[in-house]
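K.L.:
Questions regarding the structure given below will be posed in turn.
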Amino acid sequence: MSKKTTKKAGKVAKTPKTAKTPKAVKTSTDGKPLSGLDAAAKVLADAGQPMRARELVNTMIERGLWKSGGKTPHATIYAAMIREIAAKKNAARFRKTDRGLFAFNG
């Protein structure tokens, strides 16, 4: 009782995908990329009005100020702003104006 072996057809070489060139992330004055909170503070200061975390992140990504590989970058920024407000109180760069709305505190 021998097993029959069959030859598999040779694999076809895959054509390499063309790599998309990522947008350059804008940097701060010292050459480092902006952090998520720094980019959020910049966008809120420029906007002059309260924004939700999701629209804030969308604006940050569109302007090339910040990028994230995660599935929920808006939740990350929301939590980080809440932590800064809780830790620094009135000295925080952000203030919560309404449920889910943040404004620049400066």
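Every chain in the structure tokens takes a letter, A first, then B, and so on in the order presented; its residues are numbered from 1, and the ligands are numbered from 1 following the presented order.
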For Arg83 of chain A, work out the shell of residues within 12 Å, counting only C-alpha atoms and skipping chain neighbours fewer than 2 positions away, then give it as a VMD selection string.
P.N.:
chain A and resid 37 76 to 81 85 to 89 92 to 96
K.L.:
List as a ChimeraX atom specification the protein and nucleic acid residues near Ala41 of chain A, meaning an atom at most 12 Å away when only C-alpha atoms are counted, but skip any in the same chain fewer than 2 places from it.
P.N.:
/A:34-39,43-51,53,56-57,59-60,65-66,77,80-81,84,92-95,102-106
K.L.:
Now that the selection is made, can you save its residues with C-alpha atoms as a PDB file, in the first residue's frame?
P.N.:
ATOM      1  CA  LEU A  34       4.568  65.780  16.693  1.00  0.00           C
ATOM      2  CA  SER A  35       2.932  63.654  19.346  1.00  0.00           C
ATOM      3  CA  GLY A  36      -0.786  63.005  19.157  1.00  0.00           C
ATOM      4  CA  LEU A  37      -1.499  65.518  21.913  1.00  0.00           C
ATOM      5  CA  ASP A  38       0.758  68.172  20.396  1.00  0.00           C
ATOM      6  CA  ALA A  39      -0.960  67.745  17.026  1.00  0.00           C
ATOM      7  CA  VAL A  43      -5.440  71.707  15.363  1.00  0.00           C
ATOM      8  CA  LEU A  44      -7.713  72.953  18.151  1.00  0.00           C
ATOM      9  CA  ALA A  45      -5.788  76.225  18.417  1.00  0.00           C
ATOM     10  CA  ASP A  46      -6.087  76.750  14.647  1.00  0.00           C
ATOM     11  CA  ALA A  47      -9.780  75.800  14.581  1.00  0.00           C
ATOM     12  CA  GLY A  48     -10.818  78.234  17.287  1.00  0.00           C
ATOM     13  CA  GLN A  49     -13.885  76.155  18.138  1.00  0.00           C
ATOM     14  CA  PRO A  50     -14.584  72.917  20.025  1.00  0.00           C
ATOM     15  CA  MET A  51     -14.179  69.670  18.096  1.00  0.00           C
ATOM     16  CA  ALA A  53     -12.090  63.529  18.907  1.00  0.00           C
ATOM     17  CA  LEU A  56      -9.922  66.181  15.379  1.00  0.00           C
ATOM     18  CA  VAL A  57      -8.021  63.017  14.397  1.00  0.00           C
ATOM     19  CA  THR A  59      -8.011  66.782  10.546  1.00  0.00           C
ATOM     20  CA  MET A  60      -4.657  65.834  12.095  1.00  0.00           C
ATOM     21  CA  LEU A  65       0.519  66.301  11.566  1.00  0.00           C
ATOM     22  CA  TRP A  66       0.086  62.802  12.989  1.00  0.00           C
ATOM     23  CA  ILE A  77      -6.597  60.865  21.506  1.00  0.00           C
ATOM     24  CA  ALA A  80      -5.047  61.134  26.275  1.00  0.00           C
ATOM     25  CA  MET A  81      -6.845  64.505  26.401  1.00  0.00           C
ATOM     26  CA  GLU A  84      -4.112  65.540  30.583  1.00  0.00           C
ATOM     27  CA  ALA A  92      -3.987  71.575  30.611  1.00  0.00           C
ATOM     28  CA  ARG A  93      -3.902  72.530  26.929  1.00  0.00           C
ATOM     29  CA  PHE A  94      -7.453  71.244  26.499  1.00  0.00           C
ATOM     30  CA  ARG A  95     -10.780  71.838  28.160  1.00  0.00           C
ATOM     31  CA  PHE A 102     -12.844  69.618  23.398  1.00  0.00           C
ATOM     32  CA  ALA A 103     -11.500  73.143  22.959  1.00  0.00           C
ATOM     33  CA  PHE A 104      -8.040  74.648  23.163  1.00  0.00           C
ATOM     34  CA  ASN A 105      -7.346  76.082  26.619  1.00  0.00           C
ATOM     35  CA  GLY A 106      -4.836  78.766  25.896  1.00  0.00           C
TER      36      GLY A 106
END
K.L.:
Where in segment 47-95 of chain A does DSSP assign strand (DSSP E or B), given as an mmCIF file with C-alpha atoms, in the first residue's frame?
P.N.:
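Now in states.cif:
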data_model
loop_
_atom_site.group_PDB
_atom_site.id
_atom_site.type_symbol
_atom_site.label_atom_id
_atom_site.label_comp_id
_atom_site.auth_asym_id
_atom_site.auth_seq_id
_atom_site.Cartn_x
_atom_site.Cartn_y
_atom_site.Cartn_z
ATOM 1 C CA MET A 51 -14.179 69.670 18.096
ATOM 2 C CA ARG A 52 -14.953 66.009 18.661
ATOM 3 C CA PHE A 94 -7.453 71.244 26.499
ATOM 4 C CA ARG A 95 -10.780 71.838 28.160
#
K.L.:
Tell me which of A:Ile82, A:Asn90, A:Gly100, A:Lys42 sits closest to Arg63 of chain A, counting only C-alpha atoms.
P.N.:
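Smallest distance to Arg63 of chain A is found for A:Lys42.
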